[in-house]
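What's in my_file.tsv: TSV, N, CA and C atoms
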```tsv
chain	number	residue	atom	x	y	z
A	1	MET	N	0.82	-1.19	0.00
A	1	MET	CA	0.00	0.00	0.00
A	1	MET	C	0.87	1.25	0.00
A	2	LEU	N	2.00	1.17	0.69
A	2	LEU	CA	2.91	2.31	0.74
A	2	LEU	C	3.48	2.62	-0.63
A	3	ALA	N	3.75	1.59	-1.41
A	3	ALA	CA	4.29	1.80	-2.76
A	3	ALA	C	3.28	2.50	-3.66
A	4	ILE	N	2.00	2.16	-3.49
A	4	ILE	CA	0.96	2.80	-4.30
A	4	ILE	C	0.83	4.27	-3.96
A	5	THR	N	0.82	4.61	-2.67
A	5	THR	CA	0.70	6.02	-2.30
A	5	THR	C	1.94	6.81	-2.73
A	6	GLU	N	3.12	6.21	-2.66
A	6	GLU	CA	4.32	6.90	-3.14
A	6	GLU	C	4.26	7.14	-4.64
A	7	PHE	N	3.76	6.14	-5.37
A	7	PHE	CA	3.61	6.30	-6.81
A	7	PHE	C	2.62	7.41	-7.14
A	8	LEU	N	1.49	7.44	-6.44
A	8	LEU	CA	0.49	8.47	-6.68
A	8	LEU	C	1.03	9.87	-6.36
A	9	GLN	N	1.76	10.00	-5.28
A	9	GLN	CA	2.32	11.30	-4.93
A	9	GLN	C	3.39	11.74	-5.91
A	10	ALA	N	4.18	10.82	-6.41
A	10	ALA	CA	5.25	11.17	-7.34
A	10	ALA	C	4.70	11.53	-8.72
A	11	ASN	N	3.55	10.98	-9.10
A	11	ASN	CA	3.00	11.19	-10.44
A	11	ASN	C	1.67	11.92	-10.42
A	12	MET	N	1.44	12.75	-9.43
A	12	MET	CA	0.16	13.43	-9.30
A	12	MET	C	-0.13	14.35	-10.49
A	13	THR	N	0.87	15.03	-11.00
A	13	THR	CA	0.66	15.93	-12.14
A	13	THR	C	0.22	15.14	-13.37
A	14	MET	N	0.86	14.01	-13.62
A	14	MET	CA	0.47	13.20	-14.78
A	14	MET	C	-0.93	12.63	-14.62
A	15	ILE	N	-1.31	12.30	-13.41
A	15	ILE	CA	-2.66	11.78	-13.16
A	15	ILE	C	-3.69	12.87	-13.41
A	16	TYR	N	-3.41	14.10	-12.98
A	16	TYR	CA	-4.32	15.22	-13.25
A	16	TYR	C	-4.47	15.44	-14.75
A	17	VAL	N	-3.37	15.40	-15.49
A	17	VAL	CA	-3.43	15.59	-16.94
A	17	VAL	C	-4.24	14.48	-17.59
A	18	LEU	N	-4.06	13.25	-17.15
A	18	LEU	CA	-4.82	12.12	-17.71
A	18	LEU	C	-6.31	12.28	-17.46
A	19	VAL	N	-6.69	12.64	-16.24
A	19	VAL	CA	-8.11	12.79	-15.91
A	19	VAL	C	-8.72	13.95	-16.70
A	20	LEU	N	-8.01	15.06	-16.82
A	20	LEU	CA	-8.53	16.19	-17.60
A	20	LEU	C	-8.62	15.84	-19.08
A	21	ALA	N	-7.68	15.07	-19.61
A	21	ALA	CA	-7.74	14.65	-21.01
A	21	ALA	C	-8.93	13.75	-21.27
A	22	VAL	N	-9.25	12.88	-20.31
A	22	VAL	CA	-10.41	12.00	-20.46
A	22	VAL	C	-11.69	12.82	-20.50
A	23	PHE	N	-11.84	13.77	-19.58
A	23	PHE	CA	-13.04	14.61	-19.58
A	23	PHE	C	-13.12	15.47	-20.83
A	24	LEU	N	-12.02	16.02	-21.26
A	24	LEU	CA	-12.01	16.84	-22.47
A	24	LEU	C	-12.36	16.00	-23.69
A	25	GLY	N	-11.84	14.78	-23.77
A	25	GLY	CA	-12.16	13.89	-24.88
A	25	GLY	C	-13.64	13.56	-24.94
A	26	PHE	N	-14.24	13.27	-23.80
A	26	PHE	CA	-15.67	12.98	-23.78
A	26	PHE	C	-16.48	14.19	-24.20
A	27	GLU	N	-16.10	15.37	-23.76
A	27	GLU	CA	-16.83	16.59	-24.15
A	27	GLU	C	-16.70	16.86	-25.64
A	28	LEU	N	-15.51	16.70	-26.18
A	28	LEU	CA	-15.31	16.96	-27.61
A	28	LEU	C	-16.04	15.95	-28.47
A	29	ILE	N	-15.99	14.69	-28.12
A	29	ILE	CA	-16.65	13.66	-28.92
A	29	ILE	C	-18.17	13.81	-28.81
A	30	GLY	N	-18.67	14.22	-27.66
A	30	GLY	CA	-20.10	14.41	-27.50
A	30	GLY	C	-20.65	15.55	-28.33
A	31	LYS	N	-19.82	16.53	-28.66
A	31	LYS	CA	-20.27	17.70	-29.42
A	31	LYS	C	-20.12	17.54	-30.93
A	32	VAL	N	-19.54	16.44	-31.39
A	32	VAL	CA	-19.30	16.24	-32.83
A	32	VAL	C	-20.60	15.81	-33.50
A	33	PRO	N	-20.98	16.47	-34.61
A	33	PRO	CA	-22.18	16.02	-35.33
A	33	PRO	C	-21.96	14.64	-35.95
A	34	THR	N	-23.05	13.93	-36.17
A	34	THR	CA	-22.96	12.56	-36.66
A	34	THR	C	-22.35	12.47	-38.06
A	35	VAL	N	-22.44	13.53	-38.84
A	35	VAL	CA	-21.87	13.52	-40.19
A	35	VAL	C	-20.35	13.41	-40.14
A	36	LEU	N	-19.74	13.93	-39.10
A	36	LEU	CA	-18.29	13.94	-39.01
A	36	LEU	C	-17.69	12.74	-38.30
A	37	HIS	N	-18.51	11.82	-37.80
A	37	HIS	CA	-17.96	10.70	-37.04
A	37	HIS	C	-17.07	9.80	-37.89
A	38	THR	N	-17.46	9.52	-39.14
A	38	THR	CA	-16.67	8.60	-39.96
A	38	THR	C	-15.33	9.20	-40.36
A	39	PRO	N	-15.25	10.48	-40.79
A	39	PRO	CA	-13.91	11.04	-41.06
A	39	PRO	C	-13.04	11.10	-39.81
A	40	LEU	N	-13.63	11.37	-38.67
A	40	LEU	CA	-12.85	11.38	-37.43
A	40	LEU	C	-12.38	9.98	-37.08
A	41	MET	N	-13.17	8.97	-37.40
A	41	MET	CA	-12.76	7.60	-37.13
A	41	MET	C	-11.57	7.21	-38.01
A	42	SER	N	-11.54	7.71	-39.25
A	42	SER	CA	-10.40	7.44	-40.11
A	42	SER	C	-9.13	8.06	-39.52
A	43	GLY	N	-9.25	9.24	-38.94
A	43	GLY	CA	-8.10	9.85	-38.26
A	43	GLY	C	-7.71	9.07	-37.03
A	44	ALA	N	-8.69	8.53	-36.33
A	44	ALA	CA	-8.39	7.73	-35.14
A	44	ALA	C	-7.69	6.44	-35.51
A	45	ASN	N	-7.96	5.93	-36.71
A	45	ASN	CA	-7.26	4.72	-37.16
A	45	ASN	C	-5.77	5.00	-37.31
A	46	ALA	N	-5.42	6.17	-37.80
A	46	ALA	CA	-4.00	6.52	-37.92
A	46	ALA	C	-3.36	6.61	-36.54
A	47	ILE	N	-4.07	7.18	-35.59
A	47	ILE	CA	-3.55	7.27	-34.23
A	47	ILE	C	-3.42	5.88	-33.62
A	48	SER	N	-4.40	5.01	-33.91
A	48	SER	CA	-4.33	3.64	-33.39
A	48	SER	C	-3.16	2.88	-34.00
A	49	GLY	N	-2.82	3.18	-35.24
A	49	GLY	CA	-1.65	2.57	-35.84
A	49	GLY	C	-0.38	2.95	-35.10
A	50	VAL	N	-0.29	4.20	-34.67
A	50	VAL	CA	0.86	4.65	-33.88
A	50	VAL	C	0.87	3.96	-32.52
A	51	VAL	N	-0.30	3.78	-31.93
A	51	VAL	CA	-0.41	3.07	-30.64
A	51	VAL	C	0.06	1.63	-30.79
A	52	ILE	N	-0.32	0.98	-31.88
A	52	ILE	CA	0.10	-0.40	-32.11
A	52	ILE	C	1.61	-0.49	-32.24
A	53	ILE	N	2.20	0.41	-33.00
A	53	ILE	CA	3.66	0.40	-33.16
A	53	ILE	C	4.35	0.65	-31.81
A	54	GLY	N	3.84	1.60	-31.04
A	54	GLY	CA	4.41	1.85	-29.72
A	54	GLY	C	4.28	0.67	-28.79
A	55	ALA	N	3.15	-0.01	-28.84
A	55	ALA	CA	2.95	-1.19	-27.99
A	55	ALA	C	3.88	-2.32	-28.39
A	56	ILE	N	4.09	-2.49	-29.68
A	56	ILE	CA	5.02	-3.53	-30.13
A	56	ILE	C	6.44	-3.20	-29.70
A	57	ILE	N	6.82	-1.93	-29.81
A	57	ILE	CA	8.15	-1.52	-29.35
A	57	ILE	C	8.29	-1.74	-27.85
A	58	LEU	N	7.23	-1.45	-27.08
A	58	LEU	CA	7.26	-1.67	-25.64
A	58	LEU	C	7.47	-3.14	-25.31
A	59	VAL	N	6.76	-4.02	-26.00
A	59	VAL	CA	6.89	-5.45	-25.74
A	59	VAL	C	8.29	-5.93	-26.12
A	60	ARG	N	8.80	-5.45	-27.24
A	60	ARG	CA	10.12	-5.92	-27.70
A	60	ARG	C	11.26	-5.41	-26.82
A	61	SER	N	11.10	-4.21	-26.24
A	61	SER	CA	12.19	-3.64	-25.46
A	61	SER	C	12.14	-4.01	-23.97
A	62	SER	N	11.04	-4.59	-23.51
A	62	SER	CA	10.94	-4.93	-22.09
A	62	SER	C	11.60	-6.28	-21.82
A	63	SER	N	12.03	-6.44	-20.60
A	63	SER	CA	12.66	-7.72	-20.23
A	63	SER	C	11.58	-8.78	-20.00
A	64	SER	N	12.00	-10.01	-19.98
A	64	SER	CA	11.03	-11.11	-19.89
A	64	SER	C	10.39	-11.23	-18.51
A	65	ASP	N	10.96	-10.60	-17.50
A	65	ASP	CA	10.35	-10.67	-16.17
A	65	ASP	C	9.56	-9.42	-15.81
A	66	ASP	N	9.43	-8.47	-16.73
A	66	ASP	CA	8.65	-7.25	-16.49
A	66	ASP	C	7.21	-7.49	-16.99
A	67	TYR	N	6.42	-8.11	-16.12
A	67	TYR	CA	5.07	-8.51	-16.52
A	67	TYR	C	4.14	-7.32	-16.75
A	68	LEU	N	4.36	-6.22	-16.07
A	68	LEU	CA	3.51	-5.05	-16.26
A	68	LEU	C	3.69	-4.49	-17.67
A	69	ALA	N	4.92	-4.29	-18.10
A	69	ALA	CA	5.18	-3.76	-19.44
A	69	ALA	C	4.69	-4.72	-20.51
A	70	LEU	N	4.91	-6.01	-20.31
A	70	LEU	CA	4.45	-7.00	-21.29
A	70	LEU	C	2.93	-7.03	-21.40
A	71	SER	N	2.25	-6.98	-20.27
A	71	SER	CA	0.78	-7.02	-20.31
A	71	SER	C	0.20	-5.73	-20.88
A	72	LEU	N	0.78	-4.57	-20.52
A	72	LEU	CA	0.29	-3.32	-21.09
A	72	LEU	C	0.54	-3.26	-22.60
A	73	GLY	N	1.68	-3.77	-23.03
A	73	GLY	CA	1.96	-3.81	-24.46
A	73	GLY	C	0.99	-4.71	-25.21
A	74	CYS	N	0.69	-5.87	-24.64
A	74	CYS	CA	-0.26	-6.78	-25.29
A	74	CYS	C	-1.67	-6.20	-25.31
A	75	ILE	N	-2.08	-5.57	-24.23
A	75	ILE	CA	-3.40	-4.94	-24.19
A	75	ILE	C	-3.47	-3.80	-25.19
A	76	GLY	N	-2.42	-2.98	-25.26
A	76	GLY	CA	-2.38	-1.88	-26.22
A	76	GLY	C	-2.45	-2.36	-27.65
A	77	THR	N	-1.74	-3.45	-27.94
A	77	THR	CA	-1.77	-4.01	-29.29
A	77	THR	C	-3.16	-4.54	-29.63
A	78	ALA	N	-3.77	-5.25	-28.70
A	78	ALA	CA	-5.09	-5.82	-28.95
A	78	ALA	C	-6.15	-4.73	-29.14
A	79	LEU	N	-6.17	-3.74	-28.26
A	79	LEU	CA	-7.17	-2.68	-28.38
A	79	LEU	C	-6.95	-1.83	-29.62
A	80	GLY	N	-5.69	-1.57	-29.95
A	80	GLY	CA	-5.40	-0.82	-31.17
A	80	GLY	C	-5.84	-1.57	-32.41
A	81	MET	N	-5.62	-2.88	-32.44
A	81	MET	CA	-6.04	-3.67	-33.60
A	81	MET	C	-7.56	-3.72	-33.73
A	82	ILE	N	-8.26	-3.80	-32.59
A	82	ILE	CA	-9.73	-3.78	-32.64
A	82	ILE	C	-10.21	-2.47	-33.24
A	83	ASN	N	-9.59	-1.36	-32.84
A	83	ASN	CA	-9.99	-0.06	-33.36
A	83	ASN	C	-9.68	0.07	-34.84
A	84	VAL	N	-8.52	-0.40	-35.27
A	84	VAL	CA	-8.15	-0.30	-36.69
A	84	VAL	C	-9.08	-1.15	-37.56
A	85	VAL	N	-9.34	-2.38	-37.14
A	85	VAL	CA	-10.20	-3.26	-37.94
A	85	VAL	C	-11.63	-2.73	-37.99
A	86	GLY	N	-12.15	-2.28	-36.86
A	86	GLY	CA	-13.50	-1.71	-36.84
A	86	GLY	C	-13.61	-0.45	-37.66
A	87	GLY	N	-12.61	0.41	-37.57
A	87	GLY	CA	-12.61	1.63	-38.37
A	87	GLY	C	-12.51	1.35	-39.85
A	88	HIS	N	-11.74	0.33	-40.20
A	88	HIS	CA	-11.62	-0.06	-41.60
A	88	HIS	C	-12.97	-0.55	-42.13
A	89	ALA	N	-13.67	-1.34	-41.34
A	89	ALA	CA	-14.98	-1.85	-41.77
A	89	ALA	C	-15.98	-0.72	-41.94
A	90	VAL	N	-16.00	0.23	-41.01
A	90	VAL	CA	-16.93	1.36	-41.10
A	90	VAL	C	-16.59	2.25	-42.28
A	91	THR	N	-15.30	2.49	-42.51
A	91	THR	CA	-14.90	3.33	-43.63
A	91	THR	C	-15.26	2.67	-44.95
A	92	ASN	N	-15.06	1.36	-45.07
A	92	ASN	CA	-15.47	0.66	-46.30
A	92	ASN	C	-16.97	0.73	-46.51
A	93	ARG	N	-17.74	0.60	-45.44
A	93	ARG	CA	-19.19	0.70	-45.56
A	93	ARG	C	-19.60	2.09	-46.03
A	94	MET	N	-18.94	3.11	-45.50
A	94	MET	CA	-19.26	4.48	-45.91
A	94	MET	C	-18.91	4.69	-47.38
A	95	LEU	N	-17.75	4.19	-47.82
A	95	LEU	CA	-17.35	4.36	-49.21
A	95	LEU	C	-18.25	3.58	-50.16
A	96	GLU	N	-18.82	2.47	-49.72
A	96	GLU	CA	-19.76	1.72	-50.55
A	96	GLU	C	-21.02	2.53	-50.83
A	97	MET	N	-21.41	3.41	-49.93
A	97	MET	CA	-22.60	4.23	-50.13
A	97	MET	C	-22.42	5.20	-51.29
A	98	PHE	N	-21.20	5.58	-51.60
A	98	PHE	CA	-20.96	6.57	-52.64
A	98	PHE	C	-20.70	5.95	-54.01
A	99	LYS	N	-20.60	4.64	-54.10
A	99	LYS	CA	-20.40	3.98	-55.38
A	99	LYS	C	-21.72	3.88	-56.13
A	100	LYS	N	-21.62	3.91	-57.46
A	100	LYS	CA	-22.82	3.78	-58.28
A	100	LYS	C	-23.33	2.35	-58.22
A	101	LYS	N	-24.64	2.21	-58.14
A	101	LYS	CA	-25.24	0.88	-58.08
A	101	LYS	C	-25.41	0.35	-59.50
A	102	LYS	N	-25.23	-0.96	-59.66
A	102	LYS	CA	-25.35	-1.58	-60.97
A	102	LYS	C	-26.78	-1.92	-61.31
```
Re-express the file's structure as structure tokens.
Amino acid sequence: MLAITEFLQANMTMIYVLVLAVFLGFELIGKVPTVLHTPLMSGANAISGVVIIGAIILVRSSSSDDYLALSLGCIGTALGMINVVGGHAVTNRMLEMFKKKK
């Protein structure tokens, strides 16, 4: 328990920034009109690609006994891939709407 409180005290500024970023993200996404969701999702796919690369680098550079880094890297890779694949499917569906029907 002492280690957790020391960690929280040492990283309080980063925790504040994370919490404020989460609230700001929810506010911004809530105000976006539905017409813009698909183009924003395409941009999020690019960001998720960067997250996947970072997670792979994290897994490759961590030692074999650092279970926290390995698990966070695997979770980051899995969640990033889910976002990329889902965004790809939605973007393809949107582009199909603009093609001429036979």
### Task
Quick one: everything within 9 Å of Val84 (chain A), counting only C-alpha atoms, minus sequence neighbours fewer than 2 positions away in the same chain. Send it as a list in words.
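Using only C-alpha atoms, the neighbours found are Ser42, Ala44, Asn45, Ala46, Ser48, Gly49, Leu79, Gly80, Met81, Ile82, Gly86, Gly87, His88 and Ala89 of chain A.
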### Task
Could you please determine the separation between atom N of Tyr16 (chain A) and atom C of Ile4 (chain A) in Å, to one decimal place?
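Taking atom N of Tyr16 (chain A) as the start and atom C of Ile4 (chain A) as the end point, the length is 14.0 Å.
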### Message
According to DSSP computed on the backbone, where in chain A is there alpha helix (DSSP H)? Give the residues as a VMD selection string.
### Response
chain A and resid 2 to 10 12 to 30 37 to 61 67 to 97
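We find CA of Asp66 (chain A) and CA of Val19 (chain A) to be spaced 26.1 Å apart.
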### Query
When you draw a straight line from atom C of Leu28 (chain A) to atom C of Leu40 (chain A), how long is it in Å?
11.1 Å
## Note on the structure
For Leu70 (chain A), the closest of A:Pro39, A:Glu6, A:Glu96, A:Leu58 counting only N, CA and C atoms is A:Leu58
### Query
So which one's closest to Ile75 (chain A), A:Gly54, A:Leu95, A:Leu20, A:Glu27? Using only C-alpha atoms, please.
A:Gly54
